[in-house]
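All remarks here apply to the structure that follows.
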Amino acid sequence: MTETAAQAKTAVQAAAALARSDDSEGMSYLESLPRRLVTLYLPLFIILVVLLFPFYWMALTSIKPDEQLIDMQTYNPFWVVHPTLKHITKLLFETEYPRWLWNTMYVAACATTLSIIASVLSAYAIVRLRFKGGDAVGVLIFFAYLVPPSILFIPLASVIQAYGLFDSPLSLILVYPTLLIPFSTWLLMGYFKTIPYELEECALIDGASRWQILVKIVLPLAVPGLISAFIFSFTLCWNEFIYALTFLQSTPNKTVPVAIVNEFVDGDIYKWGSLMAGALVGSLPLVILYAFFVEHYVSAMTGAVKE
Amino acid sequence: MTTMQTSTARPATMQTPARAVYKDTRSLWERLRTNRNWLALWFMLPTAAFLILFLAYPLGLGVWMSFTDERIGRTGVFIGLENYEWLWNDSIFWLSVFNTLLYTIIASIIKFAVGLYLALLLNRHMPFKAIIRAIVLIPFIVPTVLSAIAFWWIYDPQFSIVSWSLIKLGLISNNINFLGDPNMARASVIFANIWRGVPFVAITLLAGLQTVSPSLYEAATLDGATDWQRFRYITYPLLTPIIAVVMTFSVLFTFTDFQLVWALTRGGPVNATHLMATLSYQRGILSGRLGEGAAIATAMIPFLLAAIAISWFGMQRRKWQQGSDND
């Protein structure tokens with residue numbers, strides 16, 4: 001049985017590799033270089049510059065000394081003469097930024113873990129247990145995916161208040177799964193469907209319970225799907241704003257996006273350096289995570305849409 | 001939707017286990033543990049708990065709250081349609097509806113056009129393809145609020161890098177007041193939204209493009225099809241289903257957008273960029289009139305239902321195009 005499992009795994013990996021290696025030349029040799037320059041490289045270059053410029057600007061501002069920030073005549077604003085780490089050290093040692101960063105990570109990690117556990121169970125039930133009304137439940141979960149936080153935050157604020165969770169990270173840990181579970185369930189349903197049913201039948205005949213099948217057969221084969229769901233959910237949590245803005249009041253409890261918007265905005269003309277440093281430091285963990293898991297990230301995004 | 005097909009496609013013999021023939025002698029506990037429906041109930045329990053407590057119940061509660069005069073710190077009483085009547089005569093509310101529609105329509109159209117164009121570019125053969133594709137998605141990874149803050153700095157009335165560059169190029173003589181002038185503010189916010197949305201549209205459409213067989217293009221080229229004809233009669237029809245889904249999501253998220261506008265303008269200047277979501281937050285949470293805020297949020301639901309209906313029909317059409325089994 002393990003052999004079959006291994007075979008199935010190689011098949012899945014082979015399919016994934018096939019999907020990745022689409023760099024065949026195709027008909028592109030028919031085009032001349034000047035033509036490719038105008039129709040492909042130039043527009044692509046312009047779009048990439050526009051897409052990346054805000055990050056360049058963010059990074060540049062966070063290491064620029066204050067006088068260069070506001071003096072655009074003597075210094076060329078597109079470059080920095082004597083870079084300084086002042087803004088970043090000020091951010092890390094003189095504000096509560098590390099605390100906010102920790103809050104964000106803690107909430108995102110807890111909410112994501114809870115959601116993945118719930119999603120694995122529900123996706124397995126919908127795909128493999130084929131219970132009465134399972135299809136309807138699948139459709140309902142899909143609709144839950146379409147309910148946006150913007151219409152829920154007011155009633156949720158009063159629900160959170162009623163449960164006594166106001167201004168507590170626990171409120172976010174409990175609420176974020178509503179954003180993550182529908183998405184992860186649909187993603188994992190797609191992965192579970194690719195696992196051969198015969199493997200489970202073998203295990204059932206050998207006397208395994210459903211729980212054993214899920215833990216020992218289905219989950220090891222669905223690891224890429226689990227990583228995708230985890231990465232994407234984590235990013236969604238990190239990005240979430242409106243619930244965090246509504247539920248959290250006291251400064252030390254805030255998450256990075258909320259704190260950046262509320263805590264740094266004073267009348268100070270020199271605020272930009274630390275503001276940009278805050279935005280940069282808040283984005284870096286996600287970008288690094290993304291760099292390691294690009295494939296999983298893209299498959300999560302496109303997988304959820306394809307379903 | 002796809003589950004339906006999997007289950008019906010399975011042979012019927014598999015669904016009726018052989019044990020139905022003899023009498024079931026197992027204990028109640030044993031049956032609870034192995035019966036498929038009971039088992040599914042246990043498996044669905046965590047998901048159901050989260051979604052009912054924190055999604056379905058608040059959704060209903062929100063609609064109920066919109067019929068009350070609830071405020072922060074005091075429970076409301078039922079006042080019927082009074083909130084809606086009040087909003088009906090409120091010019092700021094109608095301005096926010098107008099802004100939301102304008103924001104959604106313009107941003108979605110441009111996101112679609114640029115996203116499709118970018119997807120077509122990325123689908124072509126070139127060096128460093130994988131890295132370029134990875135880079136394109138970065139604006140989507142970075143939290144919206146944090147990139148919005150970067151835009152806020154780019155749109156600064158005094159030290160905007162855009163104004164500076166245009167002045168140096170001799171195109172304008174004074175700094176552009178990006179977020180101070182109503183129409184300029186609208187355009188700026190829409191641009192930031194497009195900037196963030198294009199990568200999502202492009203990468204998901206690219207995934208669709210990769211499923212189109214190159215041999216179709218080769219055959220068409222042999223038949224003398226032009227670039228435009230290949231796009232119009234091969235790419236576009238094969239891509240329609242995924243376009244429908246992607247654009248529904250895009251419209252849905254743009255329509256309910258909150259964070260970008262809140263970080264950039266908070267609805268100003270003179271409510272010119274107030275979306276329904278930001279107005280709902282301002283009235284409901286900041287001013288404490290929860291009932292009124294809930295009424296604004298509830299007023300968004302009909303629009304969302306329209307978007308979901310479009311998504312549904314988009315998927316139906318996909319099934320119809322690819323035959324009933326589209327797993």
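Please note that chains go A, B, ... in the order of the structure tokens, that every chain numbers its residues from 1, and that ligands are numbered from 1 in the order shown.
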Would you mind listing what lies within 10 Å of A:Leu146 as a list of chain:residue names, with only C-alpha atoms counted and same-chain residues fewer than 4 positions away left out?
A:Ile141, A:Phe142, A:Leu179, A:Pro182, A:Phe183, B:Thr248, B:Phe249, B:Leu252, B:Phe253, B:Leu304, B:Leu305, B:Ala307, B:Ile308
May I have the residues from that selection written out with C-alpha atoms, as an mmCIF file, in the first residue's frame?
```
data_model
loop_
_atom_site.group_PDB
_atom_site.id
_atom_site.type_symbol
_atom_site.label_atom_id
_atom_site.label_comp_id
_atom_site.auth_asym_id
_atom_site.auth_seq_id
_atom_site.Cartn_x
_atom_site.Cartn_y
_atom_site.Cartn_z
ATOM 1 C CA ILE A 141 -18.981 27.206 1.994
ATOM 2 C CA PHE A 142 -18.266 28.651 -1.422
ATOM 3 C CA LEU A 179 -12.139 34.487 5.922
ATOM 4 C CA PRO A 182 -13.958 28.808 2.921
ATOM 5 C CA PHE A 183 -10.898 29.454 0.802
ATOM 6 C CA THR B 248 -16.364 38.519 -10.345
ATOM 7 C CA PHE B 249 -13.846 38.213 -7.540
ATOM 8 C CA LEU B 252 -16.499 41.902 -5.423
ATOM 9 C CA PHE B 253 -13.284 42.898 -3.658
ATOM 10 C CA LEU B 304 -22.957 41.717 -4.062
ATOM 11 C CA LEU B 305 -25.774 39.346 -4.960
ATOM 12 C CA ALA B 307 -21.917 39.969 -8.635
ATOM 13 C CA ILE B 308 -22.400 36.458 -7.256
#
```
Excluding B:Thr211 and any residue of its chain fewer than 2 positions from it, enumerate the residues within 10 Å of it, using only C-alpha atoms, and give them as a ChimeraX atom specification.
/A:19 /B:206-209,213-214,238-239
Generate a file of the selected residues that holds N, CA and C atoms, formatted as a PDB file, in the first residue's frame.
```
ATOM      1  N   ALA A  19       3.562  21.106 -15.231  1.00  0.00           N
ATOM      2  CA  ALA A  19       2.876  22.399 -15.257  1.00  0.00           C
ATOM      3  C   ALA A  19       3.881  23.537 -15.149  1.00  0.00           C
TER       4      ALA A  19
ATOM      5  N   LEU B 206      -3.066  34.221 -16.471  1.00  0.00           N
ATOM      6  CA  LEU B 206      -1.918  33.507 -17.030  1.00  0.00           C
ATOM      7  C   LEU B 206      -2.091  32.005 -16.812  1.00  0.00           C
ATOM      8  N   ALA B 207      -2.572  31.623 -15.628  1.00  0.00           N
ATOM      9  CA  ALA B 207      -2.811  30.206 -15.365  1.00  0.00           C
ATOM     10  C   ALA B 207      -3.821  29.648 -16.361  1.00  0.00           C
ATOM     11  N   GLY B 208      -4.831  30.467 -16.722  1.00  0.00           N
ATOM     12  CA  GLY B 208      -5.790  30.040 -17.727  1.00  0.00           C
ATOM     13  C   GLY B 208      -5.149  29.929 -19.104  1.00  0.00           C
ATOM     14  N   LEU B 209      -4.301  30.896 -19.427  1.00  0.00           N
ATOM     15  CA  LEU B 209      -3.655  30.912 -20.752  1.00  0.00           C
ATOM     16  C   LEU B 209      -2.780  29.681 -20.941  1.00  0.00           C
ATOM     17  N   SER B 213      -3.822  25.009 -25.604  1.00  0.00           N
ATOM     18  CA  SER B 213      -2.812  24.232 -26.314  1.00  0.00           C
ATOM     19  C   SER B 213      -2.127  25.060 -27.397  1.00  0.00           C
ATOM     20  N   PRO B 214      -0.787  25.074 -27.440  1.00  0.00           N
ATOM     21  CA  PRO B 214      -0.063  25.857 -28.450  1.00  0.00           C
ATOM     22  C   PRO B 214      -0.390  25.393 -29.863  1.00  0.00           C
ATOM     23  N   LEU B 238     -11.558  30.614 -25.226  1.00  0.00           N
ATOM     24  CA  LEU B 238     -11.115  29.597 -24.275  1.00  0.00           C
ATOM     25  C   LEU B 238     -10.914  30.182 -22.884  1.00  0.00           C
ATOM     26  N   LEU B 239     -10.712  31.476 -22.827  1.00  0.00           N
ATOM     27  CA  LEU B 239     -10.422  32.124 -21.554  1.00  0.00           C
ATOM     28  C   LEU B 239     -11.689  32.668 -20.875  1.00  0.00           C
TER      29      LEU B 239
END
```
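Residue nearest B:Arg283 within the list B:Met44, B:Leu51, B:Ala263, B:Ile72: B:Ile72 [criterion: smallest interatomic distance, only C-alpha atoms].
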Within 10 Å of A:Leu114, counting only C-alpha atoms, which residues show up once you throw out same-chain ones fewer than 6 positions away? Write them as a list in words, please.
Ile173, Leu174, Tyr176, Pro177, Leu180 and Ile181 of chain A; Pro46, Thr47 and Phe50 of chain B
Got time to write the residues from that selection, C-alpha atoms, as a CSV table (one decimal), in the first residue's frame?
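So the final result, stored in result-v4.csv, reads:
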```
chain,number,residue,atom,x,y,z
A,173,ILE,CA,-8.0,34.7,16.1
A,174,LEU,CA,-11.6,33.6,16.3
A,176,TYR,CA,-10.2,35.4,10.9
A,177,PRO,CA,-11.0,31.8,10.2
A,180,LEU,CA,-9.7,31.6,5.7
A,181,ILE,CA,-11.8,28.4,6.1
B,46,PRO,CA,-15.3,23.0,13.6
B,47,THR,CA,-16.0,24.6,10.3
B,50,PHE,CA,-16.8,29.1,13.0
```
Output the contact residues of chain B with respect to chain A at a cut-off of 6 Å, based on only C-alpha atoms, as a PyMOL selection string.
chain B and resi 4+37+40+43-44+46-47+51+58+61-62+125+142-143+145-146+150+204+256+277+297
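Across the model, the gap from atom CA of B:Val201 to atom CA of B:Tyr236 is 14.8 Å.
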Selection near A:Trp79, 9 Å with only C-alpha atoms, sequence-local residues under 4 positions removed, as a short mmCIF file (atom, residue, chain, number, x, y, z; two decimals) with N, CA and C atoms, in the first residue's frame:
```cif
data_model
loop_
_atom_site.label_atom_id
_atom_site.label_comp_id
_atom_site.auth_asym_id
_atom_site.auth_seq_id
_atom_site.Cartn_x
_atom_site.Cartn_y
_atom_site.Cartn_z
N LEU A 60 13.83 53.36 -0.27
CA LEU A 60 14.72 54.52 -0.36
C LEU A 60 14.41 55.52 0.74
N LYS A 64 16.72 57.29 3.97
CA LYS A 64 17.16 58.65 3.65
C LYS A 64 17.22 59.51 4.90
N TYR A 75 19.48 67.77 -3.56
CA TYR A 75 19.72 66.34 -3.71
C TYR A 75 18.77 65.78 -4.76
#
```
If you run DSSP on the backbone here, which positions in stretch 124-289 of chain A get alpha helix (DSSP H)? Please write them as JSON, numbers by chain.
{"A": [124, 134, 135, 136, 137, 138, 139, 140, 141, 142, 143, 144, 145, 153, 154, 155, 156, 157, 158, 159, 160, 161, 162, 169, 170, 171, 172, 173, 174, 175, 177, 178, 179, 180, 181, 182, 183, 184, 185, 186, 187, 188, 189, 190, 191, 192, 193, 197, 198, 199, 200, 201, 202, 203, 204, 205, 210, 211, 212, 213, 219, 220, 221, 223, 224, 225, 226, 227, 228, 229, 230, 231, 232, 233, 234, 235, 236, 237, 238, 239, 242, 243, 244, 245, 246, 247, 256, 257, 258, 259, 260, 261, 262, 263, 271, 272, 273, 274, 275, 276, 277, 278, 279, 280, 281, 282, 283, 284, 285, 286, 287, 288, 289]}
Within 10 Å of B:Phe93 using only C-alpha atoms, minus same-chain residues under 2 positions, as an NGL selection string:
:B and (86-91 or 95-99 or 271 or 274-276 or 279-280 or 296)
Would you export the selected residues with N, CA and C atoms as a JSON list (two decimals), in the first residue's frame, please?
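Listing of part.json after writing:
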```
[["chain", "number", "residue", "atom", "x", "y", "z"],
["B", 86, "TRP", "N", -33.78, 57.71, 6.20],
["B", 86, "TRP", "CA", -32.79, 58.75, 6.51],
["B", 86, "TRP", "C", -31.70, 58.75, 5.43],
["B", 87, "LEU", "N", -31.22, 57.54, 5.09],
["B", 87, "LEU", "CA", -30.16, 57.44, 4.09],
["B", 87, "LEU", "C", -30.65, 57.86, 2.71],
["B", 88, "TRP", "N", -31.92, 57.53, 2.44],
["B", 88, "TRP", "CA", -32.49, 57.85, 1.13],
["B", 88, "TRP", "C", -32.41, 59.35, 0.86],
["B", 89, "ASN", "N", -32.58, 60.14, 1.93],
["B", 89, "ASN", "CA", -32.54, 61.60, 1.77],
["B", 89, "ASN", "C", -31.17, 62.19, 2.10],
["B", 90, "ASP", "N", -30.18, 61.33, 2.23],
["B", 90, "ASP", "CA", -28.85, 61.80, 2.63],
["B", 90, "ASP", "C", -27.95, 61.89, 1.40],
["B", 91, "SER", "N", -27.57, 63.10, 1.05],
["B", 91, "SER", "CA", -26.80, 63.25, -0.19],
["B", 91, "SER", "C", -25.42, 62.62, -0.07],
["B", 95, "LEU", "N", -23.71, 60.09, -2.60],
["B", 95, "LEU", "CA", -22.38, 60.36, -3.14],
["B", 95, "LEU", "C", -21.48, 59.13, -2.96],
["B", 96, "SER", "N", -21.60, 58.46, -1.80],
["B", 96, "SER", "CA", -20.76, 57.29, -1.57],
["B", 96, "SER", "C", -21.15, 56.15, -2.51],
["B", 97, "VAL", "N", -22.47, 56.03, -2.79],
["B", 97, "VAL", "CA", -22.89, 55.00, -3.76],
["B", 97, "VAL", "C", -22.30, 55.31, -5.12],
["B", 98, "PHE", "N", -22.39, 56.56, -5.50],
["B", 98, "PHE", "CA", -21.81, 56.97, -6.79],
["B", 98, "PHE", "C", -20.32, 56.68, -6.83],
["B", 99, "ASN", "N", -19.61, 57.08, -5.75],
["B", 99, "ASN", "CA", -18.16, 56.85, -5.70],
["B", 99, "ASN", "C", -17.84, 55.37, -5.81],
["B", 271, "ASN", "N", -15.74, 64.27, 1.29],
["B", 271, "ASN", "CA", -16.42, 63.01, 1.01],
["B", 271, "ASN", "C", -16.26, 62.53, -0.43],
["B", 274, "HIS", "N", -15.36, 58.84, -0.38],
["B", 274, "HIS", "CA", -16.06, 57.93, 0.52],
["B", 274, "HIS", "C", -16.69, 56.79, -0.26],
["B", 275, "LEU", "N", -16.29, 55.56, 0.08],
["B", 275, "LEU", "CA", -16.99, 54.40, -0.46],
["B", 275, "LEU", "C", -18.06, 54.00, 0.54],
["B", 276, "MET", "N", -18.94, 53.08, 0.14],
["B", 276, "MET", "CA", -19.98, 52.68, 1.08],
["B", 276, "MET", "C", -19.35, 52.05, 2.33],
["B", 279, "LEU", "N", -17.87, 54.84, 4.55],
["B", 279, "LEU", "CA", -18.95, 55.62, 5.16],
["B", 279, "LEU", "C", -19.60, 54.82, 6.29],
["B", 280, "SER", "N", -19.78, 53.53, 6.03],
["B", 280, "SER", "CA", -20.36, 52.65, 7.03],
["B", 280, "SER", "C", -19.49, 52.61, 8.29],
["B", 296, "ILE", "N", -26.08, 50.99, 5.97],
["B", 296, "ILE", "CA", -25.24, 51.24, 4.80],
["B", 296, "ILE", "C", -24.61, 49.93, 4.32]]
```
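Of note, atom CA of B:Phe303 and atom CA of B:Leu101 are spaced 9.7 Å apart.
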